[in-house]
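**Q** my_file39.json is reproduced below (JSON, C-alpha atoms and all ligand atoms).
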```json
[["chain", "number", "residue", "atom", "x", "y", "z"],
["A", 1, "MET", "CA", 27.40, 10.57, 3.90],
["A", 2, "SER", "CA", 25.09, 8.02, 2.37],
["A", 3, "VAL", "CA", 23.52, 5.35, 4.50],
["A", 4, "MET", "CA", 25.12, 2.65, 2.31],
["A", 5, "HIS", "CA", 28.64, 3.90, 3.05],
["A", 6, "ARG", "CA", 28.17, 3.40, 6.77],
["A", 7, "PHE", "CA", 27.87, -0.38, 6.40],
["A", 8, "GLY", "CA", 31.30, -0.89, 4.81],
["A", 9, "PHE", "CA", 32.19, -4.15, 3.08],
["A", 10, "PHE", "CA", 28.77, -5.69, 3.78],
["A", 11, "SER", "CA", 27.15, -3.22, 1.40],
["A", 12, "ILE", "CA", 29.66, -4.12, -1.34],
["A", 13, "TYR", "CA", 28.24, -7.64, -1.30],
["A", 14, "LEU", "CA", 24.71, -6.23, -1.47],
["A", 15, "GLU", "CA", 25.61, -3.92, -4.34],
["A", 16, "VAL", "CA", 26.69, -6.93, -6.37],
["A", 17, "ALA", "CA", 23.51, -8.83, -5.52],
["A", 18, "VAL", "CA", 21.29, -5.96, -6.65],
["A", 19, "LYS", "CA", 22.31, -6.38, -10.30],
["A", 20, "ASP", "CA", 20.02, -9.32, -10.94],
["A", 21, "TYR", "CA", 16.64, -7.72, -10.25],
["A", 22, "LYS", "CA", 14.09, -8.16, -13.00],
["A", 23, "LEU", "CA", 10.93, -6.82, -11.32],
["A", 24, "PHE", "CA", 10.60, -3.65, -9.28],
["A", 25, "PHE", "CA", 7.56, -3.06, -7.06],
["A", 26, "PHE", "CA", 7.37, 0.59, -6.04],
["A", 27, "ASP", "CA", 5.28, 2.09, -3.26],
["A", 28, "LEU", "CA", 3.82, 5.47, -4.29],
["A", 29, "ASP", "CA", 3.24, 7.94, -1.42],
["A", 30, "GLY", "CA", 6.50, 8.89, 0.27],
["A", 31, "THR", "CA", 8.50, 6.91, -2.31],
["A", 32, "LEU", "CA", 7.72, 8.25, -5.81],
["A", 33, "VAL", "CA", 4.94, 10.69, -4.89],
["A", 34, "ASN", "CA", 5.04, 13.58, -2.45],
["A", 35, "GLY", "CA", 1.46, 14.81, -1.99],
["A", 36, "ASN", "CA", 0.23, 16.01, -5.38],
["A", 37, "ALA", "CA", 3.56, 15.87, -7.20],
["A", 38, "LEU", "CA", 6.28, 13.39, -8.07],
["A", 39, "PHE", "CA", 9.53, 13.43, -6.10],
["A", 40, "PRO", "CA", 12.41, 14.81, -8.18],
["A", 41, "LEU", "CA", 13.79, 12.09, -10.52],
["A", 42, "ALA", "CA", 10.81, 9.73, -9.99],
["A", 43, "ASN", "CA", 10.08, 9.71, -13.70],
["A", 44, "GLU", "CA", 13.74, 9.31, -14.63],
["A", 45, "VAL", "CA", 14.14, 6.27, -12.34],
["A", 46, "ILE", "CA", 11.11, 4.52, -13.84],
["A", 47, "GLU", "CA", 12.14, 5.41, -17.43],
["A", 48, "TYR", "CA", 15.66, 4.14, -16.79],
["A", 49, "LEU", "CA", 14.42, 0.80, -15.46],
["A", 50, "ARG", "CA", 11.93, 0.36, -18.31],
["A", 51, "LYS", "CA", 14.62, 1.23, -20.86],
["A", 52, "HIS", "CA", 16.68, -1.61, -19.44],
["A", 53, "ASN", "CA", 13.77, -4.07, -19.79],
["A", 54, "LYS", "CA", 12.84, -4.22, -16.14],
["A", 55, "ARG", "CA", 9.18, -4.75, -15.26],
["A", 56, "VAL", "CA", 7.83, -2.08, -12.94],
["A", 57, "PHE", "CA", 4.69, -2.21, -10.77],
["A", 58, "PHE", "CA", 3.24, 0.34, -8.36],
["A", 59, "LEU", "CA", 1.60, -0.52, -5.06],
["A", 60, "THR", "CA", -0.44, 1.80, -2.94],
["A", 61, "ASN", "CA", -2.49, 1.47, 0.22],
["A", 62, "HIS", "CA", -4.41, 4.59, -0.83],
["A", 63, "PRO", "CA", -7.98, 3.36, -0.60],
["A", 64, "SER", "CA", -10.11, 6.08, -2.19],
["A", 65, "ARG", "CA", -9.35, 5.71, -5.91],
["A", 66, "PRO", "CA", -9.99, 2.95, -8.44],
["A", 67, "ARG", "CA", -6.99, 1.93, -10.54],
["A", 68, "GLU", "CA", -8.14, 3.84, -13.66],
["A", 69, "GLU", "CA", -8.40, 7.10, -11.72],
["A", 70, "LEU", "CA", -5.09, 6.55, -9.98],
["A", 71, "GLY", "CA", -3.46, 5.95, -13.37],
["A", 72, "GLU", "CA", -4.91, 9.25, -14.66],
["A", 73, "ARG", "CA", -3.70, 11.09, -11.56],
["A", 74, "LEU", "CA", -0.14, 9.76, -12.00],
["A", 75, "LYS", "CA", -0.24, 10.66, -15.69],
["A", 76, "LYS", "CA", -1.12, 14.26, -14.79],
["A", 77, "MET", "CA", 1.91, 14.30, -12.48],
["A", 78, "GLY", "CA", 4.06, 13.13, -15.41],
["A", 79, "LEU", "CA", 4.31, 9.39, -14.78],
["A", 80, "GLU", "CA", 2.91, 7.07, -17.46],
["A", 81, "VAL", "CA", 1.48, 4.01, -15.74],
["A", 82, "GLY", "CA", -0.70, 1.28, -17.23],
["A", 83, "VAL", "CA", -3.75, 0.19, -15.22],
["A", 84, "ASN", "CA", -2.33, -3.34, -15.12],
["A", 85, "GLU", "CA", 0.83, -2.04, -13.45],
["A", 86, "LEU", "CA", -1.15, -0.69, -10.48],
["A", 87, "ILE", "CA", -1.77, -2.69, -7.33],
["A", 88, "THR", "CA", -4.34, -1.20, -4.93],
["A", 89, "PRO", "CA", -6.39, -2.40, -1.92],
["A", 90, "THR", "CA", -9.30, -2.94, -4.36],
["A", 91, "LEU", "CA", -7.48, -6.05, -5.62],
["A", 92, "ALA", "CA", -7.15, -7.26, -2.04],
["A", 93, "ILE", "CA", -10.93, -6.78, -1.53],
["A", 94, "LYS", "CA", -11.49, -9.08, -4.53],
["A", 95, "ARG", "CA", -9.10, -11.63, -3.05],
["A", 96, "TYR", "CA", -10.79, -11.43, 0.35],
["A", 97, "PHE", "CA", -14.36, -11.87, -0.87],
["A", 98, "SER", "CA", -13.50, -14.51, -3.48],
["A", 99, "ASP", "CA", -12.52, -16.77, -0.56],
["A", 100, "ARG", "CA", -15.89, -16.32, 1.18],
["A", 101, "PRO", "CA", -19.25, -17.94, 0.51],
["A", 102, "SER", "CA", -21.47, -15.65, -1.57],
["A", 103, "GLY", "CA", -24.18, -13.55, 0.06],
["A", 104, "SER", "CA", -22.19, -11.08, 2.17],
["A", 105, "SER", "CA", -23.33, -7.49, 2.75],
["A", 106, "VAL", "CA", -20.94, -4.56, 2.94],
["A", 107, "TYR", "CA", -21.33, -1.05, 4.30],
["A", 108, "VAL", "CA", -18.58, 1.28, 3.03],
["A", 109, "VAL", "CA", -17.19, 4.03, 5.23],
["A", 110, "GLY", "CA", -15.10, 5.70, 2.55],
["A", 111, "SER", "CA", -15.32, 6.94, -1.00],
["A", 112, "GLU", "CA", -18.26, 6.45, -3.39],
["A", 113, "LEU", "CA", -15.79, 5.06, -5.90],
["A", 114, "ILE", "CA", -14.84, 2.20, -3.60],
["A", 115, "LYS", "CA", -18.55, 1.54, -3.08],
["A", 116, "GLU", "CA", -18.98, 1.28, -6.87],
["A", 117, "GLU", "CA", -15.97, -1.04, -7.17],
["A", 118, "ILE", "CA", -17.44, -3.37, -4.53],
["A", 119, "LYS", "CA", -20.83, -3.36, -6.28],
["A", 120, "LYS", "CA", -19.07, -4.34, -9.53],
["A", 121, "MET", "CA", -17.72, -7.41, -7.72],
["A", 122, "GLY", "CA", -21.34, -8.51, -7.18],
["A", 123, "ILE", "CA", -21.27, -7.91, -3.41],
["A", 124, "HIS", "CA", -24.43, -6.48, -1.81],
["A", 125, "VAL", "CA", -23.76, -2.91, -0.63],
["A", 126, "LEU", "CA", -25.85, -1.47, 2.22],
["A", 127, "ASN", "CA", -26.86, 2.19, 2.04],
["A", 128, "HIS", "CA", -27.56, 2.52, 5.76],
["A", 129, "SER", "CA", -27.52, 0.49, 8.96],
["A", 130, "ARG", "CA", -31.31, -0.12, 9.07],
["A", 131, "GLU", "CA", -31.43, -1.82, 5.69],
["A", 132, "THR", "CA", -32.05, -5.58, 5.70],
["A", 133, "ALA", "CA", -28.70, -7.27, 5.22],
["A", 134, "MET", "CA", -27.97, -10.50, 3.36],
["A", 135, "GLY", "CA", -25.56, -13.00, 4.90],
["A", 136, "GLU", "CA", -22.56, -11.90, 6.94],
["A", 137, "VAL", "CA", -22.18, -8.12, 7.35],
["A", 138, "PHE", "CA", -18.89, -6.23, 6.91],
["A", 139, "VAL", "CA", -18.04, -2.58, 7.48],
["A", 140, "VAL", "CA", -15.28, -1.63, 5.02],
["A", 141, "LEU", "CA", -13.33, 1.43, 6.16],
["A", 142, "GLY", "CA", -10.96, 3.37, 3.90],
["A", 143, "MET", "CA", -9.76, 6.93, 4.37],
["A", 144, "SER", "CA", -11.41, 9.39, 2.00],
["A", 145, "PRO", "CA", -11.54, 13.20, 1.93],
["A", 146, "ASN", "CA", -15.35, 12.86, 1.73],
["A", 147, "LEU", "CA", -15.70, 10.68, 4.80],
["A", 148, "ASN", "CA", -18.22, 12.22, 7.18],
["A", 149, "TYR", "CA", -19.67, 11.73, 10.65],
["A", 150, "GLU", "CA", -22.90, 10.14, 9.38],
["A", 151, "HIS", "CA", -20.98, 7.40, 7.55],
["A", 152, "LEU", "CA", -18.76, 6.77, 10.57],
["A", 153, "GLN", "CA", -21.80, 6.54, 12.84],
["A", 154, "GLU", "CA", -23.80, 4.24, 10.51],
["A", 155, "GLY", "CA", -20.77, 1.94, 10.43],
["A", 156, "PHE", "CA", -20.64, 2.00, 14.22],
["A", 157, "PHE", "CA", -24.32, 0.99, 14.50],
["A", 158, "LEU", "CA", -23.57, -2.05, 12.32],
["A", 159, "LEU", "CA", -20.44, -2.94, 14.30],
["A", 160, "GLN", "CA", -22.52, -2.88, 17.50],
["A", 161, "LYS", "CA", -24.83, -5.41, 15.84],
["A", 162, "GLY", "CA", -21.92, -7.75, 15.17],
["A", 163, "ALA", "CA", -20.63, -6.65, 11.73],
["A", 164, "ARG", "CA", -16.93, -7.33, 11.06],
["A", 165, "LEU", "CA", -14.60, -4.38, 10.52],
["A", 166, "ILE", "CA", -12.30, -4.44, 7.49],
["A", 167, "LEU", "CA", -9.63, -1.79, 6.98],
["A", 168, "LEU", "CA", -8.49, -1.12, 3.42],
["A", 169, "ASN", "CA", -5.11, -0.14, 4.84],
["A", 170, "PRO", "CA", -3.53, -0.12, 8.31],
["A", 171, "ASP", "CA", -1.57, 3.13, 7.95],
["A", 172, "ILE", "CA", -1.97, 5.72, 10.70],
["A", 173, "CYS", "CA", -0.65, 8.66, 8.67],
["A", 174, "CYS", "CA", -0.04, 9.48, 5.01],
["A", 175, "PRO", "CA", 2.79, 11.91, 4.18],
["A", 176, "THR", "CA", 1.94, 14.92, 1.96],
["A", 177, "GLU", "CA", 3.69, 18.17, 1.13],
["A", 178, "SER", "CA", 1.54, 19.96, 3.77],
["A", 179, "GLY", "CA", 2.29, 17.44, 6.50],
["A", 180, "MET", "CA", 0.83, 14.11, 7.63],
["A", 181, "TYR", "CA", -2.80, 13.25, 6.80],
["A", 182, "LEU", "CA", -4.89, 11.10, 9.15],
["A", 183, "ASP", "CA", -5.15, 7.72, 7.45],
["A", 184, "THR", "CA", -7.45, 4.69, 7.82],
["A", 185, "GLY", "CA", -5.60, 3.21, 10.82],
["A", 186, "ALA", "CA", -6.09, 6.40, 12.81],
["A", 187, "ILE", "CA", -9.81, 6.58, 11.96],
["A", 188, "ALA", "CA", -10.25, 2.90, 12.89],
["A", 189, "ARG", "CA", -9.10, 3.77, 16.39],
["A", 190, "VAL", "CA", -12.28, 5.81, 16.81],
["A", 191, "TYR", "CA", -14.20, 2.53, 16.53],
["A", 192, "THR", "CA", -11.87, 0.37, 18.58],
["A", 193, "SER", "CA", -11.69, 2.92, 21.40],
["A", 194, "ALA", "CA", -15.47, 3.46, 21.46],
["A", 195, "ALA", "CA", -16.48, -0.21, 21.30],
["A", 196, "PRO", "CA", -17.53, -1.81, 24.59],
["A", 197, "ARG", "CA", -15.10, -4.49, 25.87],
["A", 198, "ASN", "CA", -12.86, -4.05, 22.82],
["A", 199, "HIS", "CA", -14.94, -6.52, 20.83],
["A", 200, "ILE", "CA", -14.04, -4.94, 17.47],
["A", 201, "LYS", "CA", -11.03, -6.68, 15.93],
["A", 202, "PRO", "CA", -10.25, -5.09, 12.57],
["A", 203, "GLU", "CA", -8.96, -7.18, 9.67],
["A", 204, "VAL", "CA", -6.57, -5.39, 7.32],
["A", 205, "LEU", "CA", -6.58, -5.83, 3.52],
["A", 206, "GLY", "CA", -3.82, -3.44, 2.39],
["A", 207, "LYS", "CA", -0.05, -3.83, 2.71],
["A", 208, "PRO", "CA", 1.32, -5.89, 4.47],
["A", 209, "SER", "CA", -1.74, -8.16, 4.89],
["A", 210, "ILE", "CA", -1.88, -11.76, 3.73],
["A", 211, "TRP", "CA", -4.47, -10.66, 1.10],
["A", 212, "MET", "CA", -2.11, -8.10, -0.41],
["A", 213, "GLN", "CA", 0.74, -10.62, -0.18],
["A", 214, "GLN", "CA", -1.26, -12.97, -2.38],
["A", 215, "VAL", "CA", -1.93, -10.16, -4.87],
["A", 216, "LEU", "CA", 1.81, -9.31, -4.91],
["A", 217, "LEU", "CA", 2.72, -12.95, -5.54],
["A", 218, "ASP", "CA", 0.19, -13.13, -8.40],
["A", 219, "PHE", "CA", 1.93, -10.16, -10.05],
["A", 220, "ALA", "CA", 5.45, -11.47, -9.45],
["A", 221, "GLY", "CA", 4.72, -14.98, -10.72],
["A", 222, "VAL", "CA", 7.78, -17.08, -11.44],
["A", 223, "ASP", "CA", 10.04, -14.02, -11.23],
["A", 224, "ARG", "CA", 9.56, -13.61, -7.45],
["A", 225, "PRO", "CA", 13.20, -14.57, -6.62],
["A", 226, "ARG", "CA", 14.34, -11.68, -8.85],
["A", 227, "ALA", "CA", 11.83, -9.12, -7.57],
["A", 228, "VAL", "CA", 12.49, -6.25, -5.20],
["A", 229, "MET", "CA", 10.07, -4.13, -3.18],
["A", 230, "VAL", "CA", 10.95, -0.41, -2.90],
["A", 231, "GLY", "CA", 9.19, 1.77, -0.31],
["A", 232, "ASP", "CA", 9.38, 4.33, 2.48],
["A", 233, "SER", "CA", 7.62, 2.38, 5.22],
["A", 234, "ILE", "CA", 9.26, -0.37, 7.25],
["A", 235, "THR", "CA", 5.92, -1.57, 8.64],
["A", 236, "SER", "CA", 4.10, -1.82, 5.32],
["A", 237, "ASP", "CA", 6.49, -1.91, 2.31],
["A", 238, "ILE", "CA", 9.49, -3.63, 3.84],
["A", 239, "ALA", "CA", 7.20, -5.93, 5.86],
["A", 240, "ILE", "CA", 5.25, -7.13, 2.81],
["A", 241, "GLY", "CA", 8.42, -7.61, 0.73],
["A", 242, "GLN", "CA", 10.05, -9.66, 3.48],
["A", 243, "ALA", "CA", 6.83, -11.64, 4.08],
["A", 244, "VAL", "CA", 6.80, -12.90, 0.49],
["A", 245, "GLY", "CA", 10.56, -13.51, 0.43],
["A", 246, "MET", "CA", 11.56, -10.60, -1.82],
["A", 247, "ASP", "CA", 14.57, -8.31, -1.42],
["A", 248, "THR", "CA", 13.63, -4.86, -0.13],
["A", 249, "ILE", "CA", 14.86, -1.30, -0.60],
["A", 250, "LEU", "CA", 13.98, 1.33, 2.00],
["A", 251, "LEU", "CA", 14.01, 5.00, 1.02],
["A", 252, "LEU", "CA", 14.20, 7.35, 4.00],
["A", 253, "SER", "CA", 12.09, 9.96, 2.19],
["A", 254, "GLY", "CA", 8.74, 9.27, 3.86],
["A", 255, "VAL", "CA", 7.39, 7.76, 7.07],
["A", 256, "SER", "CA", 10.33, 5.61, 8.26],
["A", 257, "LYS", "CA", 13.44, 7.28, 9.62],
["A", 258, "GLU", "CA", 17.00, 6.02, 10.02],
["A", 259, "GLU", "CA", 16.57, 5.55, 13.78],
["A", 260, "ASP", "CA", 13.63, 3.17, 13.13],
["A", 261, "LEU", "CA", 16.15, 0.73, 11.62],
["A", 262, "MET", "CA", 17.65, 0.20, 15.08],
["A", 263, "THR", "CA", 14.46, -1.34, 16.42],
["A", 264, "ILE", "CA", 13.70, -3.93, 13.73],
["A", 265, "ARG", "CA", 14.66, -7.61, 13.58],
["A", 266, "GLN", "CA", 15.36, -7.91, 9.87],
["A", 267, "ARG", "CA", 17.00, -5.03, 8.02],
["A", 268, "PRO", "CA", 15.89, -4.10, 4.49],
["A", 269, "THR", "CA", 18.32, -5.45, 1.87],
["A", 270, "HIS", "CA", 19.30, -1.88, 0.91],
["A", 271, "VAL", "CA", 18.71, 1.54, 2.46],
["A", 272, "TYR", "CA", 18.97, 4.86, 0.60],
["A", 273, "SER", "CA", 18.33, 8.37, 1.91],
["A", 274, "THR", "CA", 16.43, 9.63, -1.12],
["A", 275, "LEU", "CA", 15.23, 8.64, -4.58],
["A", 276, "ASN", "CA", 18.11, 10.73, -5.90],
["A", 277, "GLU", "CA", 20.63, 8.51, -4.08],
["A", 278, "PHE", "CA", 18.83, 5.39, -5.35],
["A", 279, "TYR", "CA", 18.97, 6.72, -8.93],
["A", 280, "GLN", "CA", 22.68, 7.57, -8.69],
["A", 281, "LYS", "CA", 23.32, 4.11, -7.29],
["A", 282, "ILE", "CA", 21.53, 2.23, -10.07],
["A", 283, "LYS", "CA", 23.40, 4.22, -12.70],
["A", 284, "GLU", "CA", 26.77, 4.05, -10.94],
["A", 285, "LEU", "CA", 26.52, 0.31, -10.35],
["A", 286, "ALA", "CA", 24.95, -0.20, -13.76],
["A", 287, "TYR", "CA", 22.89, -2.90, -12.14],
["A", 288, "VAL", "CA", 20.24, -2.90, -14.74],
["B", 301, "MG", "MG", 4.58, 5.04, 1.30]]
```
I need this file expressed as structure tokens, please.
Ligand SMILES: [Mg+2]
**A**
Amino acid sequence: MSVMHRFGFFSIYLEVAVKDYKLFFFDLDGTLVNGNALFPLANEVIEYLRKHNKRVFFLTNHPSRPREELGERLKKMGLEVGVNELITPTLAIKRYFSDRPSGSSVYVVGSELIKEEIKKMGIHVLNHSRETAMGEVFVVLGMSPNLNYEHLQEGFFLLQKGARLILLNPDICCPTESGMYLDTGAIARVYTSAAPRNHIKPEVLGKPSIWMQQVLLDFAGVDRPRAVMVGDSITSDIAIGQAVGMDTILLLSGVSKEEDLMTIRQRPTHVYSTLNEFYQKIKELAYV
């Protein structure tokens, strides 16, 4: 039985409301992407929406790839995505540092590509903890397969000297076809548990942070009242959608499970078990 059917007449009202959406923001991992492949019907859903003149954007908290590379990766999986349709934590970094006085220094614990992206923004990037820093110092942490002990330790030296810790995303785990990967939030706990007197207070840039909310609102523009956020995580996707006043669709195909719905204050606008159920629903209701 579908999740929708369990909520009786209430869902009939919601099914009518869903017809007006003009903009769809999709999370990637656990929603359209499962590890290194698309979920079944991911491409069909996106094609269907585009064919019916809906605008589609893709949000990810995955911190290790620039937008161009992410676009290429999705293309290889079979999903054609324009760079300008991709929303990543890199855009939130830009937002964050554009609000600060110039002259900050950043040490990156994460991928080389993120380091390059930050350099392109004109921010001074430190190569190690002993280098003379300019202005306020930040350690930017983002999960990367190439992250090593030396980088983690250099970041910790800087944090002990008063640098501020920035997380590109808060997620503890990232779902893949082989199981859950340790994500940035889990690695950050190494720092917060090792720091004396808990003096490290990480700031988060990815979903659902205020920085990513601003990026989302920039993309939605005047169409925000007719935008919907689709994702698999209550704490990041549904939270960011609700924070900016959008409708939300939860797919139970990734990190959040049906029982998690019992513990939250505000339910997502719609809940579907899988992308398949979502696809059937949009066709059946002809809401596009
Ligand atoms: Mg996800």
**Q** Just the residues within 8 Å of Ile200 (chain A), please, counting all atoms listed in the file, with nothing from its chain fewer than 6 positions along; format it as a PyMOL selection string.
**A** chain A and resi 159+164-165+191-192
**Q** Kindly give the distance, in Å, that separates CA of Tyr107 (chain A) and CA of Phe157 (chain A), rounded to a single decimal.
**A**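 Answer for the CA of Tyr107 (chain A) to CA of Phe157 (chain A) separation: 10.8 Å.
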**Q** Ligand MG 301 (chain B): which residues are within 6 Å, counting only C-alpha atoms and all ligand atoms, as an MDAnalysis selection string?
**A** chainID A and resid 27:31 231:233
**Q** Could you list, as JSON, numbers by chain, every residue within 7 Å of region 268-272 of chain A, counting all atoms listed in the file and ignoring same-chain residues fewer than 6 positions away?
**A** {"A": [3, 4, 238, 247, 248, 249, 250, 251, 252, 278]}
**Q** Here is a test: counting only C-alpha atoms, which residue of A:Ala42, A:Ile240, A:Val215, A:Ile234 is nearest to Ile264 (chain A)?
**A**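 Checking each candidate against Ile264 (chain A), we get A:Ile234 as the closest.
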**Q** What does the structure give for the distance between CA of Asp260 (chain A) and CA of Ser144 (chain A), in Å to one decimal?
**A** 28.1 Å
**Q** Do you have the CA of Ser178 (chain A)-CA of Gly35 (chain A) distance handy?
**A**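 Taking CA of Ser178 (chain A) and CA of Gly35 (chain A), their separation equals 7.7 Å.
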**Q** Under the rule that all atoms listed in the file are counted, which of A:His124, A:Arg267, A:Lys94, A:Lys22 is the nearest residue to Val56 (chain A)?
**A**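 Between A:His124, A:Arg267, A:Lys94, A:Lys22, the residue approaching Val56 (chain A) most closely is A:Lys22.
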**Q** Can you pull out every residue within 9 Å of Glu80 (chain A), counting only C-alpha atoms, but drop anything in the same chain fewer than 4 positions away, and send it as number ranges by chain?
**A** A: 43, 71-72, 74-76
**Q** Filtering to C-alpha atoms, could you give me those residues as a PDB file, in the coordinates of the input?
**A**
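Output contents, as saved in result_37.pdb:
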```pdb
ATOM      1  CA  ASN A  43      10.080   9.710 -13.700  1.00  0.00           C
ATOM      2  CA  GLY A  71      -3.460   5.950 -13.370  1.00  0.00           C
ATOM      3  CA  GLU A  72      -4.910   9.250 -14.660  1.00  0.00           C
ATOM      4  CA  LEU A  74      -0.140   9.760 -12.000  1.00  0.00           C
ATOM      5  CA  LYS A  75      -0.240  10.660 -15.690  1.00  0.00           C
ATOM      6  CA  LYS A  76      -1.120  14.260 -14.790  1.00  0.00           C
TER       7      LYS A  76
END
```
**Q** Using the file's own x, y and z axes, so that the box edges lie along x, y and z, what centre and edge lengths in Å (one decimal) does a box around every listed atom of region 35-43 of chain A get when 8 Å is added on each side? Give it as lines of an AutoDock Vina configuration file.
**A**
```
center_x = 7.0
center_y = 12.9
center_z = -7.8
size_x = 29.6
size_y = 22.3
size_z = 27.7
```
**Q** As a list in words, please: the residues near Asn169 (chain A) (cut-off 9 Å, all atoms listed in the file, same-chain neighbours under 3 positions excluded).
**A**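 That gives Asn61, His62, Pro63, Pro89, Leu141, Gly142, Met143, Ile166, Ile172, Asp183, Thr184, Gly185, Val204, Leu205, Gly206, Lys207, Pro208 and Ser209 of chain A.
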